[in-house]
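Here the structure is laid out as structure tokens; the discussion comes afterwards.
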Amino acid sequence: MKINKHGFGIIAIELLLLVISCFAISVFSVAATAACILFFVLFVFTVYFFRDPERRIPDGKGIIVSPADGRVVEIVQEREDQFCDKEMVRISIFLNIFNVHVNRMPVAGSVRFIRRVQGRFFHAASHKASLDNEQTMVGIETGEGVKILVKQIAGFIARRIVCYAKINDGFSIGQRFGIIKFGSRTDIFVPVHTRLNVVVGDKVHGGTTILGTYEQL
């Protein structure tokens, strides 16, 4: 199982604590045994959380794939003023602590906009999270000139957003561009003329679930 590199540090610390507590069992039997069990559970969970499975990326003209694993909690039309500067459809995806937290590019294109915003840490499933939580915005422009914005949004538990993308970087569809550590939310703004394939409540998988298809300009 592939592990995302941003989990290596945490996993190493937990493994060290697990080894120390197991060796201490012979001296402090009861307390050390409890600690050993606790650190083992934390170690297994952390390895599972930072898993980074390979995905079979679909192929097709104008398709938009999900930027994250999770559940669709909102689909609304609203104005997006940070990058697209027009009415767009926002699809909000909530990631619980058991989802893969790696973010993937929804389309092939070049990064034209990045903005990091400090904010609050409301529960990621709430509407307030999209507006007020700490977040990183990544704007992508396709070869046809279509603009799409993705927001990596921190949640109540998630306090660490990692974004690999830089301005003018080129990405292929489904390529990894970041990770949000622990429960979080990912919003994607797509053109209003996109033919959507998902509804609120649907489970989606980053890089594989087709959210919709946009019209070629």
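Lettering and numbering for the structure tokens are positional, with chains as A, B, ... in the shown order, residues counted from 1 in each chain, and ligands counted from 1 in the shown order.
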
Just want the 8 Å neighbourhood of range 174-181 of chain A, counted on only C-alpha atoms, with same-chain residues fewer than 6 positions away dropped. Output as an MDAnalysis selection string. chainID A and resid 57 65 67 101:108 152:154 158:165 206:208

Could you please write out, as a VMD selection string, every residue of range 95-199 of chain A that DSSP assigns to strand (DSSP E)? chain A and resid 95 102 to 104 109 to 117 135 to 141 147 to 154 160 to 163 170 to 171 176 to 181 184 to 191 195 to 196

Keeping only N, CA and C atoms, write the selected residues as a CSV table (one decimal), in the first residue's frame.
```csv
chain,number,residue,atom,x,y,z
A,95,LEU,N,-15.0,15.3,3.4
A,95,LEU,CA,-14.1,14.1,3.6
A,95,LEU,C,-14.1,13.8,5.1
A,102,VAL,N,-5.9,12.7,-0.3
A,102,VAL,CA,-5.1,13.3,-1.4
A,102,VAL,C,-6.0,14.0,-2.3
A,103,ASN,N,-5.6,15.2,-2.8
A,103,ASN,CA,-6.4,16.0,-3.8
A,103,ASN,C,-5.8,15.8,-5.1
A,104,ARG,N,-6.7,15.7,-6.1
A,104,ARG,CA,-6.3,15.4,-7.5
A,104,ARG,C,-6.9,16.5,-8.4
A,109,GLY,N,-4.7,20.9,-17.3
A,109,GLY,CA,-4.5,22.4,-17.6
A,109,GLY,C,-3.3,23.0,-16.8
A,110,SER,N,-3.3,24.3,-16.8
A,110,SER,CA,-2.2,25.0,-16.1
A,110,SER,C,-2.7,25.8,-14.9
A,111,VAL,N,-1.9,25.8,-13.9
A,111,VAL,CA,-2.3,26.6,-12.7
A,111,VAL,C,-2.1,28.1,-13.0
A,112,ARG,N,-3.2,28.8,-12.9
A,112,ARG,CA,-3.1,30.3,-13.1
A,112,ARG,C,-3.3,31.1,-11.9
A,113,PHE,N,-3.8,30.5,-10.8
A,113,PHE,CA,-4.1,31.3,-9.6
A,113,PHE,C,-4.0,30.4,-8.4
A,114,ILE,N,-3.3,30.9,-7.3
A,114,ILE,CA,-3.2,30.3,-6.0
A,114,ILE,C,-3.4,31.3,-5.0
A,115,ARG,N,-4.2,31.1,-4.0
A,115,ARG,CA,-4.4,32.0,-2.9
A,115,ARG,C,-4.6,31.2,-1.6
A,116,ARG,N,-3.8,31.5,-0.6
A,116,ARG,CA,-4.0,30.9,0.7
A,116,ARG,C,-4.7,31.9,1.7
A,117,VAL,N,-5.7,31.4,2.3
A,117,VAL,CA,-6.5,32.3,3.2
A,117,VAL,C,-6.6,31.7,4.6
A,135,GLN,N,-8.2,28.0,4.0
A,135,GLN,CA,-8.3,27.3,2.8
A,135,GLN,C,-7.2,27.8,1.8
A,136,THR,N,-7.0,26.9,0.8
A,136,THR,CA,-6.1,27.2,-0.3
A,136,THR,C,-6.9,27.1,-1.6
A,137,MET,N,-6.9,28.1,-2.4
A,137,MET,CA,-7.6,28.1,-3.7
A,137,MET,C,-6.6,27.9,-4.8
A,138,VAL,N,-7.0,27.0,-5.7
A,138,VAL,CA,-6.2,26.7,-6.9
A,138,VAL,C,-7.0,26.9,-8.1
A,139,GLY,N,-6.6,27.8,-9.0
A,139,GLY,CA,-7.3,28.0,-10.2
A,139,GLY,C,-6.6,27.4,-11.4
A,140,ILE,N,-7.3,26.6,-12.2
A,140,ILE,CA,-6.8,25.9,-13.3
A,140,ILE,C,-7.5,26.3,-14.6
A,141,GLU,N,-6.7,26.5,-15.6
A,141,GLU,CA,-7.2,26.9,-16.9
A,141,GLU,C,-6.9,25.8,-17.9
A,147,LYS,N,-12.0,27.8,-17.2
A,147,LYS,CA,-11.5,28.1,-15.9
A,147,LYS,C,-12.3,27.3,-14.8
A,148,ILE,N,-11.5,26.6,-13.9
A,148,ILE,CA,-12.1,25.8,-12.8
A,148,ILE,C,-11.3,26.2,-11.6
A,149,LEU,N,-12.0,26.4,-10.5
A,149,LEU,CA,-11.4,26.7,-9.2
A,149,LEU,C,-11.6,25.5,-8.2
A,150,VAL,N,-10.6,25.1,-7.5
A,150,VAL,CA,-10.7,24.1,-6.5
A,150,VAL,C,-10.2,24.7,-5.1
A,151,LYS,N,-11.0,24.5,-4.1
A,151,LYS,CA,-10.7,25.0,-2.7
A,151,LYS,C,-10.3,23.8,-1.8
A,152,GLN,N,-9.1,23.8,-1.3
A,152,GLN,CA,-8.8,22.8,-0.2
A,152,GLN,C,-9.2,23.5,1.1
A,153,ILE,N,-10.1,23.0,1.8
A,153,ILE,CA,-10.6,23.6,3.0
A,153,ILE,C,-10.4,22.8,4.3
A,154,ALA,N,-9.8,23.5,5.3
A,154,ALA,CA,-9.5,22.8,6.6
A,154,ALA,C,-10.8,22.7,7.3
A,160,ARG,N,-4.1,21.3,8.6
A,160,ARG,CA,-2.9,21.4,7.8
A,160,ARG,C,-3.2,21.1,6.4
A,161,ILE,N,-3.1,22.1,5.5
A,161,ILE,CA,-3.3,22.0,4.1
A,161,ILE,C,-2.0,22.0,3.4
A,162,VAL,N,-1.8,21.0,2.5
A,162,VAL,CA,-0.5,20.9,1.7
A,162,VAL,C,-0.9,21.1,0.3
A,163,CYS,N,-0.3,22.0,-0.5
A,163,CYS,CA,-0.6,22.2,-1.9
A,163,CYS,C,0.8,22.2,-2.6
A,170,GLY,N,1.9,22.8,-15.1
A,170,GLY,CA,1.0,22.1,-15.9
A,170,GLY,C,0.7,20.7,-15.2
A,171,PHE,N,-0.6,20.4,-15.2
A,171,PHE,CA,-1.1,19.1,-14.6
A,171,PHE,C,-1.9,18.3,-15.6
A,176,ARG,N,-2.0,14.2,-8.7
A,176,ARG,CA,-2.1,14.7,-7.4
A,176,ARG,C,-1.5,16.1,-7.3
A,177,PHE,N,-2.2,16.9,-6.5
A,177,PHE,CA,-1.6,18.3,-6.3
A,177,PHE,C,-1.6,18.7,-4.8
A,178,GLY,N,-2.1,17.9,-3.9
A,178,GLY,CA,-2.0,18.2,-2.5
A,178,GLY,C,-2.7,17.2,-1.6
A,179,ILE,N,-2.7,17.5,-0.3
A,179,ILE,CA,-3.4,16.7,0.7
A,179,ILE,C,-3.8,17.6,1.8
A,180,ILE,N,-5.0,17.2,2.4
A,180,ILE,CA,-5.4,17.9,3.6
A,180,ILE,C,-5.4,16.8,4.8
A,181,LYS,N,-4.7,17.2,5.8
A,181,LYS,CA,-4.5,16.2,6.9
A,181,LYS,C,-5.8,16.1,7.8
A,184,SER,N,-11.9,17.0,6.4
A,184,SER,CA,-11.8,18.3,5.7
A,184,SER,C,-12.9,18.4,4.6
A,185,ARG,N,-12.7,19.4,3.7
A,185,ARG,CA,-13.7,19.6,2.7
A,185,ARG,C,-13.0,20.1,1.4
A,186,THR,N,-13.5,19.8,0.3
A,186,THR,CA,-13.0,20.2,-1.0
A,186,THR,C,-14.1,20.8,-1.8
A,187,ASP,N,-14.0,22.0,-2.2
A,187,ASP,CA,-15.0,22.6,-3.1
A,187,ASP,C,-14.4,22.7,-4.5
A,188,ILE,N,-15.3,22.5,-5.5
A,188,ILE,CA,-14.8,22.7,-6.9
A,188,ILE,C,-15.9,23.6,-7.6
A,189,PHE,N,-15.4,24.6,-8.3
A,189,PHE,CA,-16.3,25.5,-9.0
A,189,PHE,C,-16.2,25.1,-10.5
A,190,VAL,N,-17.3,24.7,-11.1
A,190,VAL,CA,-17.3,24.3,-12.5
A,190,VAL,C,-18.2,25.2,-13.3
A,191,PRO,N,-18.1,25.3,-14.7
A,191,PRO,CA,-18.9,26.2,-15.5
A,191,PRO,C,-20.4,25.9,-15.3
A,195,ARG,N,-22.6,19.6,-17.7
A,195,ARG,CA,-23.6,18.5,-17.5
A,195,ARG,C,-23.2,17.7,-16.4
A,196,LEU,N,-23.9,17.8,-15.2
A,196,LEU,CA,-23.5,17.2,-14.0
A,196,LEU,C,-23.9,15.7,-14.0
```

So which bits of range 53-149 of chain A end up alpha helix (DSSP H) when you DSSP the backbone, as a PyMOL selection string? chain A and resi 127-132

Give me, as number ranges by chain, all polymer residues having an atom no more than 12 Å from Gly201 in chain A, counting only C-alpha atoms and skipping those fewer than 4 positions away in the same chain. A: 70-75, 91-94, 125

Kindly export the residues of the current selection with C-alpha atoms, as a short mmCIF file (atom, residue, chain, number, x, y, z; two decimals), in the first residue's frame.
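Produced file selection.cif, reproduced below:
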```cif
data_model
loop_
_atom_site.label_atom_id
_atom_site.label_comp_id
_atom_site.auth_asym_id
_atom_site.auth_seq_id
_atom_site.Cartn_x
_atom_site.Cartn_y
_atom_site.Cartn_z
CA GLY A 70 -15.86 11.86 0.03
CA ARG A 71 -19.56 12.69 -0.10
CA VAL A 72 -21.23 15.49 -2.06
CA VAL A 73 -22.90 17.77 0.50
CA GLU A 74 -23.84 20.78 -1.63
CA ILE A 75 -24.40 21.71 -5.26
CA ILE A 91 -19.82 21.22 -5.78
CA SER A 92 -18.81 20.69 -2.15
CA ILE A 93 -17.31 17.39 -1.04
CA PHE A 94 -16.98 16.45 2.63
CA ALA A 125 -19.62 19.58 6.46
#
```

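Across the model, the gap from CA of Asp169 in chain A to CA of Gly212 in chain A is 23.8 Å.
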
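Pairwise distance (CA of Glu87 in chain A, CA of His193 in chain A) equals 10.2 Å.
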
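A straight line drawn from CA of Arg79 in chain A to CA of Gly60 in chain A is 27.4 Å long.
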
Selection near Thr209 in chain A, 7 Å with only C-alpha atoms, sequence-local residues under 4 positions removed, as a ChimeraX atom specification: /A:65-66,204-205

Same residues, N, CA and C atoms, output as a tab-separated table (two decimals), in the first residue's frame:
```
chain	number	residue	atom	x	y	z
A	65	VAL	N	-13.22	15.36	-13.30
A	65	VAL	CA	-13.23	14.30	-12.29
A	65	VAL	C	-13.20	14.92	-10.90
A	66	SER	N	-13.60	14.15	-9.93
A	66	SER	CA	-13.64	14.64	-8.55
A	66	SER	C	-12.22	14.93	-8.06
A	204	VAL	N	-18.06	10.01	-3.90
A	204	VAL	CA	-17.17	10.22	-5.04
A	204	VAL	C	-15.74	9.81	-4.67
A	205	HIS	N	-14.94	9.53	-5.70
A	205	HIS	CA	-13.56	9.14	-5.51
A	205	HIS	C	-12.67	10.04	-6.37
```

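Here the question is which of A:Thr33, A:Thr213, A:Thr194, A:Thr46 gets nearest to Asn99 in chain A using only C-alpha atoms, and that residue is A:Thr46.
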